[in-house]
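Shown below: input16.cif, with mmCIF, C-alpha atoms.
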data_final
loop_
_atom_site.group_PDB
_atom_site.id
_atom_site.type_symbol
_atom_site.label_atom_id
_atom_site.label_comp_id
_atom_site.auth_asym_id
_atom_site.auth_seq_id
_atom_site.Cartn_x
_atom_site.Cartn_y
_atom_site.Cartn_z
ATOM 1 C CA MET A 1322 -115.407 8.109 7.319
ATOM 2 C CA LEU A 1323 -112.402 7.624 9.666
ATOM 3 C CA THR A 1324 -110.994 4.990 7.334
ATOM 4 C CA ALA A 1325 -111.182 7.411 4.443
ATOM 5 C CA LEU A 1326 -109.384 10.114 6.406
ATOM 6 C CA LYS A 1327 -106.598 7.698 7.345
ATOM 7 C CA GLU A 1328 -106.179 6.652 3.722
ATOM 8 C CA LYS A 1329 -106.085 10.297 2.640
ATOM 9 C CA LYS A 1330 -103.563 11.180 5.348
ATOM 10 C CA SER A 1331 -101.257 8.270 4.475
ATOM 11 C CA SER A 1332 -101.239 9.276 0.813
ATOM 12 C CA PHE A 1333 -99.951 12.794 1.535
ATOM 13 C CA LYS A 1334 -96.541 13.598 0.074
ATOM 14 C CA PRO A 1335 -94.711 16.931 0.495
ATOM 15 C CA SER A 1336 -93.889 18.897 -2.620
ATOM 16 C CA PRO A 1337 -90.263 18.872 -3.911
ATOM 17 C CA GLN A 1338 -89.911 22.498 -2.683
ATOM 18 C CA ALA A 1339 -90.921 21.483 0.842
ATOM 19 C CA GLU A 1340 -88.528 18.531 0.809
ATOM 20 C CA ASN A 1341 -85.637 20.812 -0.176
ATOM 21 C CA PHE A 1342 -86.600 23.335 2.499
ATOM 22 C CA PHE A 1343 -86.396 20.735 5.260
ATOM 23 C CA LYS A 1344 -83.120 19.132 4.167
ATOM 24 C CA ILE A 1345 -80.828 19.274 7.207
ATOM 25 C CA ASP A 1346 -77.671 19.064 5.101
ATOM 26 C CA GLU A 1347 -78.453 22.380 3.477
ATOM 27 C CA LEU A 1348 -78.882 24.297 6.735
ATOM 28 C CA PRO A 1349 -76.074 26.783 7.496
ATOM 29 C CA LYS A 1350 -73.250 25.221 9.494
ATOM 30 C CA PHE A 1351 -71.790 26.961 12.523
ATOM 31 C CA LYS A 1352 -68.369 26.292 14.005
ATOM 32 C CA SER A 1353 -68.368 24.438 17.269
ATOM 33 C CA PRO A 1354 -66.420 25.951 20.178
ATOM 34 C CA VAL A 1355 -63.685 23.359 19.526
ATOM 35 C CA GLU A 1356 -63.442 24.314 15.851
ATOM 36 C CA ALA A 1357 -63.356 27.996 16.753
ATOM 37 C CA ASP A 1358 -60.631 27.292 19.304
ATOM 38 C CA ASN A 1359 -58.570 25.403 16.727
ATOM 39 C CA HIS A 1360 -58.875 28.352 14.393
ATOM 40 C CA SER A 1361 -57.589 30.715 17.062
ATOM 41 C CA LYS A 1362 -54.575 28.467 17.566
ATOM 42 C CA THR A 1363 -53.363 29.311 14.074
ATOM 43 C CA ASP A 1364 -54.073 33.028 14.208
ATOM 44 C CA PRO A 1365 -50.853 34.656 12.918
ATOM 45 C CA ALA A 1366 -51.703 38.047 14.444
ATOM 46 C CA LEU A 1367 -52.025 36.562 17.934
ATOM 47 C CA LYS A 1368 -48.805 34.597 17.556
ATOM 48 C CA GLU A 1369 -46.991 37.713 16.381
ATOM 49 C CA PHE A 1370 -48.264 39.606 19.423
ATOM 50 C CA PHE A 1371 -47.229 36.732 21.692
ATOM 51 C CA THR A 1372 -43.725 36.677 20.232
ATOM 52 C CA GLY A 1373 -43.402 40.421 20.750
ATOM 53 C CA GLU A 1374 -44.308 40.047 24.413
ATOM 54 C CA ILE A 1375 -41.740 37.269 24.819
ATOM 55 C CA LYS A 1376 -39.100 39.671 23.473
ATOM 56 C CA ASP A 1377 -40.317 42.260 25.978
ATOM 57 C CA ILE A 1378 -40.031 40.018 29.042
ATOM 58 C CA PHE A 1379 -36.702 38.675 27.750
ATOM 59 C CA TRP A 1380 -35.336 42.229 27.893
ATOM 60 C CA ALA A 1381 -36.813 42.640 31.364
ATOM 61 C CA GLU A 1382 -35.167 39.493 32.722
ATOM 62 C CA ASN A 1383 -31.779 40.445 31.280
ATOM 63 C CA HIS A 1384 -32.150 43.911 32.792
ATOM 64 C CA LEU A 1385 -32.836 42.350 36.185
ATOM 65 C CA VAL A 1386 -29.659 40.277 35.958
ATOM 66 C CA LYS A 1387 -27.799 43.595 35.952
ATOM 67 C CA ALA A 1388 -30.021 45.372 38.514
ATOM 68 C CA LEU A 1389 -30.286 42.719 41.230
ATOM 69 C CA PRO A 1390 -26.610 42.804 42.319
ATOM 70 C CA LYS A 1391 -26.971 46.552 43.025
ATOM 71 C CA MET A 1392 -30.030 45.910 45.180
ATOM 72 C CA GLN A 1393 -28.290 43.059 46.979
ATOM 73 C CA LYS A 1394 -25.316 45.275 47.765
ATOM 74 C CA ALA A 1395 -27.585 48.054 49.056
ATOM 75 C CA ALA A 1396 -29.571 45.770 51.393
ATOM 76 C CA THR A 1397 -28.945 46.057 55.114
ATOM 77 C CA SER A 1398 -30.492 42.771 56.241
ATOM 78 C CA ALA A 1399 -28.395 39.665 55.591
ATOM 79 C CA VAL A 1400 -31.607 37.677 55.079
ATOM 80 C CA LEU A 1401 -32.839 40.111 52.433
ATOM 81 C CA ALA A 1402 -29.451 40.226 50.719
ATOM 82 C CA LYS A 1403 -29.409 36.420 50.509
ATOM 83 C CA ALA A 1404 -32.954 36.328 49.124
ATOM 84 C CA ILE A 1405 -31.998 38.797 46.391
ATOM 85 C CA GLY A 1406 -28.843 36.803 45.617
ATOM 86 C CA ASP A 1407 -30.833 33.582 45.370
ATOM 87 C CA HIS A 1408 -33.328 35.254 43.059
ATOM 88 C CA LEU A 1409 -30.484 36.456 40.836
ATOM 89 C CA ILE A 1410 -29.609 32.816 40.184
ATOM 90 C CA ILE A 1411 -33.261 32.046 39.472
ATOM 91 C CA THR A 1412 -33.513 35.039 37.136
ATOM 92 C CA LYS A 1413 -30.543 33.799 35.107
ATOM 93 C CA ASN A 1414 -32.416 30.513 34.726
ATOM 94 C CA HIS A 1415 -35.441 32.485 33.523
ATOM 95 C CA VAL A 1416 -33.297 33.977 30.773
ATOM 96 C CA VAL A 1417 -32.182 30.497 29.682
ATOM 97 C CA ARG A 1418 -35.783 29.297 29.779
ATOM 98 C CA LEU A 1419 -36.888 32.149 27.528
ATOM 99 C CA GLU A 1420 -34.099 31.298 25.094
ATOM 100 C CA LYS A 1421 -35.684 27.840 24.910
ATOM 101 C CA VAL A 1422 -39.035 29.508 24.200
ATOM 102 C CA PHE A 1423 -37.502 31.354 21.244
ATOM 103 C CA GLU A 1424 -36.129 28.047 19.980
ATOM 104 C CA LEU A 1425 -39.537 26.370 20.222
ATOM 105 C CA LEU A 1426 -41.118 29.319 18.405
ATOM 106 C CA GLY A 1427 -38.535 29.050 15.647
ATOM 107 C CA GLU A 1428 -37.605 32.682 16.270
ATOM 108 C CA LYS A 1429 -34.269 34.437 16.576
ATOM 109 C CA ILE A 1430 -33.391 35.331 20.173
ATOM 110 C CA GLN A 1431 -34.120 39.028 20.409
ATOM 111 C CA ALA A 1432 -34.920 41.518 23.170
ATOM 112 C CA LYS A 1433 -37.377 44.402 22.904
ATOM 113 C CA LYS A 1434 -37.007 47.174 25.454
ATOM 114 C CA CYS A 1435 -39.491 46.847 28.305
ATOM 115 C CA ASP A 1436 -40.417 50.359 29.390
ATOM 116 C CA THR A 1437 -42.307 49.080 32.417
ATOM 117 C CA MET A 1438 -39.348 47.177 33.840
ATOM 118 C CA GLU A 1439 -37.027 50.088 33.148
ATOM 119 C CA GLY A 1440 -39.397 52.391 35.050
ATOM 120 C CA ILE A 1441 -39.698 50.075 38.041
ATOM 121 C CA SER A 1442 -35.910 49.654 38.175
ATOM 122 C CA LYS A 1443 -35.368 53.406 38.127
ATOM 123 C CA GLU A 1444 -37.850 53.746 40.968
ATOM 124 C CA GLY A 1445 -35.841 51.189 42.949
ATOM 125 C CA GLU A 1446 -32.642 53.133 42.322
ATOM 126 C CA GLY A 1447 -34.385 56.277 43.554
ATOM 127 C CA ILE A 1448 -35.425 54.528 46.768
ATOM 128 C CA ILE A 1449 -31.828 53.549 47.463
ATOM 129 C CA GLU A 1450 -30.690 57.129 46.871
ATOM 130 C CA ASP A 1451 -33.402 58.581 49.112
ATOM 131 C CA THR A 1452 -32.820 56.287 52.112
ATOM 132 C CA ASP A 1453 -29.904 56.060 54.496
ATOM 133 C CA GLU A 1454 -27.347 53.307 54.130
ATOM 134 C CA GLY A 1455 -27.492 50.598 56.806
ATOM 135 C CA THR A 1456 -31.139 51.219 57.746
ATOM 136 C CA SER A 1457 -34.135 48.945 57.793
ATOM 137 C CA THR A 1458 -36.085 51.744 56.137
ATOM 138 C CA ARG A 1459 -33.939 51.251 53.048
ATOM 139 C CA ASP A 1460 -34.691 47.534 53.191
ATOM 140 C CA VAL A 1461 -38.417 48.280 53.332
ATOM 141 C CA GLY A 1462 -37.987 50.330 50.173
ATOM 142 C CA ILE A 1463 -35.961 47.619 48.451
ATOM 143 C CA ILE A 1464 -38.634 45.030 49.244
ATOM 144 C CA LEU A 1465 -41.361 47.333 47.977
ATOM 145 C CA ALA A 1466 -39.502 47.906 44.707
ATOM 146 C CA SER A 1467 -38.702 44.198 44.392
ATOM 147 C CA GLN A 1468 -42.331 43.204 44.862
ATOM 148 C CA LYS A 1469 -43.391 45.665 42.186
ATOM 149 C CA VAL A 1470 -41.037 43.789 39.880
ATOM 150 C CA GLU A 1471 -42.460 40.436 40.983
ATOM 151 C CA HIS A 1472 -46.059 41.541 40.513
ATOM 152 C CA TYR A 1473 -45.304 42.775 36.998
ATOM 153 C CA GLU A 1474 -43.635 39.484 36.155
ATOM 154 C CA ILE A 1475 -46.442 37.444 37.696
ATOM 155 C CA ALA A 1476 -48.977 39.312 35.554
ATOM 156 C CA THR A 1477 -46.806 38.917 32.454
ATOM 157 C CA TYR A 1478 -46.014 35.219 32.808
ATOM 158 C CA GLY A 1479 -49.571 34.442 33.850
ATOM 159 C CA GLY A 1480 -50.973 36.111 30.738
ATOM 160 C CA LEU A 1481 -48.336 34.661 28.404
ATOM 161 C CA SER A 1482 -48.850 31.113 29.663
ATOM 162 C CA LYS A 1483 -52.567 31.410 28.906
ATOM 163 C CA LEU A 1484 -51.845 32.776 25.432
ATOM 164 C CA ALA A 1485 -49.401 29.946 24.770
ATOM 165 C CA ALA A 1486 -52.101 27.430 25.681
ATOM 166 C CA THR A 1487 -54.582 29.198 23.402
ATOM 167 C CA LEU A 1488 -52.082 29.006 20.547
ATOM 168 C CA GLY A 1489 -51.550 25.302 21.182
ATOM 169 C CA LEU A 1490 -47.962 25.885 22.315
ATOM 170 C CA ASN A 1491 -48.218 23.536 25.257
ATOM 171 C CA GLU A 1492 -44.490 23.006 25.827
ATOM 172 C CA ILE A 1493 -43.966 26.756 25.920
ATOM 173 C CA ALA A 1494 -46.924 27.138 28.290
ATOM 174 C CA ASP A 1495 -45.290 24.639 30.660
ATOM 175 C CA LEU A 1496 -42.011 26.586 30.625
ATOM 176 C CA LEU A 1497 -43.765 29.861 31.331
ATOM 177 C CA ASN A 1498 -45.780 28.296 34.150
ATOM 178 C CA GLN A 1499 -42.567 27.101 35.791
ATOM 179 C CA THR A 1500 -41.276 30.670 35.821
ATOM 180 C CA LEU A 1501 -44.643 31.948 37.037
ATOM 181 C CA ALA A 1502 -44.521 29.595 40.026
ATOM 182 C CA GLU A 1503 -40.998 30.759 40.908
ATOM 183 C CA GLU A 1504 -41.983 34.426 40.736
ATOM 184 C CA LYS A 1505 -44.896 33.777 43.078
ATOM 185 C CA GLU A 1506 -42.600 31.994 45.533
ATOM 186 C CA THR A 1507 -40.205 34.952 45.524
ATOM 187 C CA ASP A 1508 -43.033 37.392 46.129
ATOM 188 C CA GLU A 1509 -44.241 35.356 49.111
ATOM 189 C CA LEU A 1510 -40.699 35.148 50.478
ATOM 190 C CA LEU A 1511 -40.264 38.922 50.293
ATOM 191 C CA SER A 1512 -43.567 39.423 52.125
ATOM 192 C CA SER A 1513 -42.440 37.009 54.837
ATOM 193 C CA ILE A 1514 -39.096 38.787 55.296
ATOM 194 C CA ALA A 1515 -40.830 42.161 55.572
ATOM 195 C CA GLU A 1516 -43.531 41.023 57.992
ATOM 196 C CA ASN A 1517 -41.323 38.962 60.283
ATOM 197 C CA ASP A 1518 -38.521 41.423 60.844
ATOM 198 C CA ILE A 1519 -37.759 44.383 58.631
ATOM 199 C CA ASN A 1520 -41.010 46.341 58.910
ATOM 200 C CA TYR A 1521 -40.824 46.257 62.714
ATOM 201 C CA ALA A 1522 -37.148 47.245 62.752
ATOM 202 C CA ALA A 1523 -37.855 50.160 60.406
ATOM 203 C CA SER A 1524 -40.719 51.379 62.601
ATOM 204 C CA ALA A 1525 -38.287 51.739 65.513
ATOM 205 C CA GLU A 1526 -35.849 53.890 63.578
ATOM 206 C CA ALA A 1527 -35.769 57.627 64.205
#
As structure tokens, please, write out the structure in this file.
Amino acid sequence: MLTALKEKKSSFKPSPQAENFFKIDELPKFKSPVEADNHSKTDPALKEFFTGEIKDIFWAENHLVKALPKMQKAATSAVLAKAIGDHLIITKNHVVRLEKVFELLGEKIQAKKCDTMEGISKEGEGIIEDTDEGTSTRDVGIILASQKVEHYEIATYGGLSKLAATLGLNEIADLLNQTLAEEKETDELLSSIAENDINYAASAEA
């Protein structure tokens, strides 16, 4: 009896319909995360958005090249004035670096007005107008306005460097990360200047 069952079992063959149903090659294929990532790297809409944001920050950096000398002149503290002057040099390098980004993108160098940077700059001008010349209180205001600029740039370069990596633009991502690191260093320097001297001097003013 067992022998007969074994013989019957071994002689079983699935129908052609069943064989077709279980063919692995005919199962729907899904993109792996790597394939999906490669697809995103060629997304023209994302690249167009990225390029637009590069134009935006390019305008912002050029605007800062004009605004920083005014802030440096208005500063009371020699240490703060030097820090602003040093950052002016760095900012000019940021402009050159962005010009390289345009070149790598194969795009014409073009600026698009950055409303955010214009607003922050106007706020800084207002602080200078509302504070007395030669006071540490004015310096506190200049540092506050400057750090608002730095925080905006840190957010911008941080996001753009990630987008560049997503798009497979690794050389551009490296350039943007260099600028990001420099903006972070400037922000930390401004905090140090405020905490070590200027905030205390301003608190003693009438």
Exercise. Can you list what the PyMOL selection byres ((chain A and resi 1373-1387) around 6) grabs from this structure, as a list in words?
Worked result: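 Taken over the shown coordinates, the PyMOL selection byres ((chain A and resi 1373-1387) around 6) returns Phe1370, Phe1371, Thr1372, Ala1388, Leu1389, Gln1431, Ala1432, Lys1433, Lys1434, Cys1435 and Met1438 of chain A.
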Students should find that CA of Thr1437 in chain A and CA of Glu1492 in chain A are spaced 27.0 Å
I'd like the interatomic distance between CA of Lys1421 in chain A and CA of Leu1496 in chain A, to a tenth of an Å.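 CA of Leu1496 in chain A lies at a distance of 8.6 Å from CA of Lys1421 in chain A.
The gap separating CA of Leu1511 in chain A from CA of Ala1402 in chain A is 10.9 Å, in Å to one decimal.
Take the candidates A:Thr1452, A:Gln1499, A:Thr1412, A:Ser1457 and check each one against Val1400 in chain A using all atoms listed in the file; the shortest distance goes to A:Ser1457.
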Min atom-atom distance to Glu1450 in chain A from the set A:Ala1525, A:Ala1502, A:Ala1395, A:Ile1514, counting only C-alpha atoms, belongs to A:Ala1395
Handout entry: Residues matched by the PyMOL selection byres ((chain A and resi 1474) around 10) as an MDAnalysis selection string
Key = chainID A and resid 1378 1381:1382 1438 1468:1473 1475:1480 1500:1501 1504:1505
Residue completion, range 1466-1477 of chain A, N, CA and C atoms, as a PDB file, keeping the file's coordinate frame:
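Just written: rebuild_26.pdb:
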ATOM      1  N   ALA A1466     -39.878  47.845  46.119  1.00  0.00           N
ATOM      2  CA  ALA A1466     -39.502  47.906  44.707  1.00  0.00           C
ATOM      3  C   ALA A1466     -39.407  46.511  44.096  1.00  0.00           C
ATOM      4  N   SER A1467     -38.857  45.577  44.876  1.00  0.00           N
ATOM      5  CA  SER A1467     -38.702  44.198  44.392  1.00  0.00           C
ATOM      6  C   SER A1467     -40.051  43.542  44.148  1.00  0.00           C
ATOM      7  N   GLN A1468     -41.014  43.807  45.030  1.00  0.00           N
ATOM      8  CA  GLN A1468     -42.331  43.204  44.862  1.00  0.00           C
ATOM      9  C   GLN A1468     -43.100  43.813  43.691  1.00  0.00           C
ATOM     10  N   LYS A1469     -42.801  45.072  43.396  1.00  0.00           N
ATOM     11  CA  LYS A1469     -43.391  45.665  42.186  1.00  0.00           C
ATOM     12  C   LYS A1469     -42.886  44.922  40.947  1.00  0.00           C
ATOM     13  N   VAL A1470     -41.608  44.580  40.973  1.00  0.00           N
ATOM     14  CA  VAL A1470     -41.037  43.789  39.880  1.00  0.00           C
ATOM     15  C   VAL A1470     -41.721  42.429  39.802  1.00  0.00           C
ATOM     16  N   GLU A1471     -41.856  41.768  40.954  1.00  0.00           N
ATOM     17  CA  GLU A1471     -42.460  40.436  40.983  1.00  0.00           C
ATOM     18  C   GLU A1471     -43.908  40.468  40.491  1.00  0.00           C
ATOM     19  N   HIS A1472     -44.648  41.463  40.916  1.00  0.00           N
ATOM     20  CA  HIS A1472     -46.059  41.541  40.513  1.00  0.00           C
ATOM     21  C   HIS A1472     -46.197  41.772  39.014  1.00  0.00           C
ATOM     22  N   TYR A1473     -45.287  42.571  38.456  1.00  0.00           N
ATOM     23  CA  TYR A1473     -45.304  42.775  36.998  1.00  0.00           C
ATOM     24  C   TYR A1473     -44.994  41.459  36.280  1.00  0.00           C
ATOM     25  N   GLU A1474     -44.015  40.741  36.796  1.00  0.00           N
ATOM     26  CA  GLU A1474     -43.635  39.484  36.155  1.00  0.00           C
ATOM     27  C   GLU A1474     -44.718  38.416  36.328  1.00  0.00           C
ATOM     28  N   ILE A1475     -45.349  38.395  37.478  1.00  0.00           N
ATOM     29  CA  ILE A1475     -46.442  37.444  37.696  1.00  0.00           C
ATOM     30  C   ILE A1475     -47.580  37.697  36.702  1.00  0.00           C
ATOM     31  N   ALA A1476     -47.926  38.962  36.519  1.00  0.00           N
ATOM     32  CA  ALA A1476     -48.977  39.312  35.554  1.00  0.00           C
ATOM     33  C   ALA A1476     -48.561  38.927  34.140  1.00  0.00           C
ATOM     34  N   THR A1477     -47.297  39.194  33.803  1.00  0.00           N
ATOM     35  CA  THR A1477     -46.806  38.917  32.454  1.00  0.00           C
ATOM     36  C   THR A1477     -46.762  37.421  32.165  1.00  0.00           C
TER      37      THR A1477
END
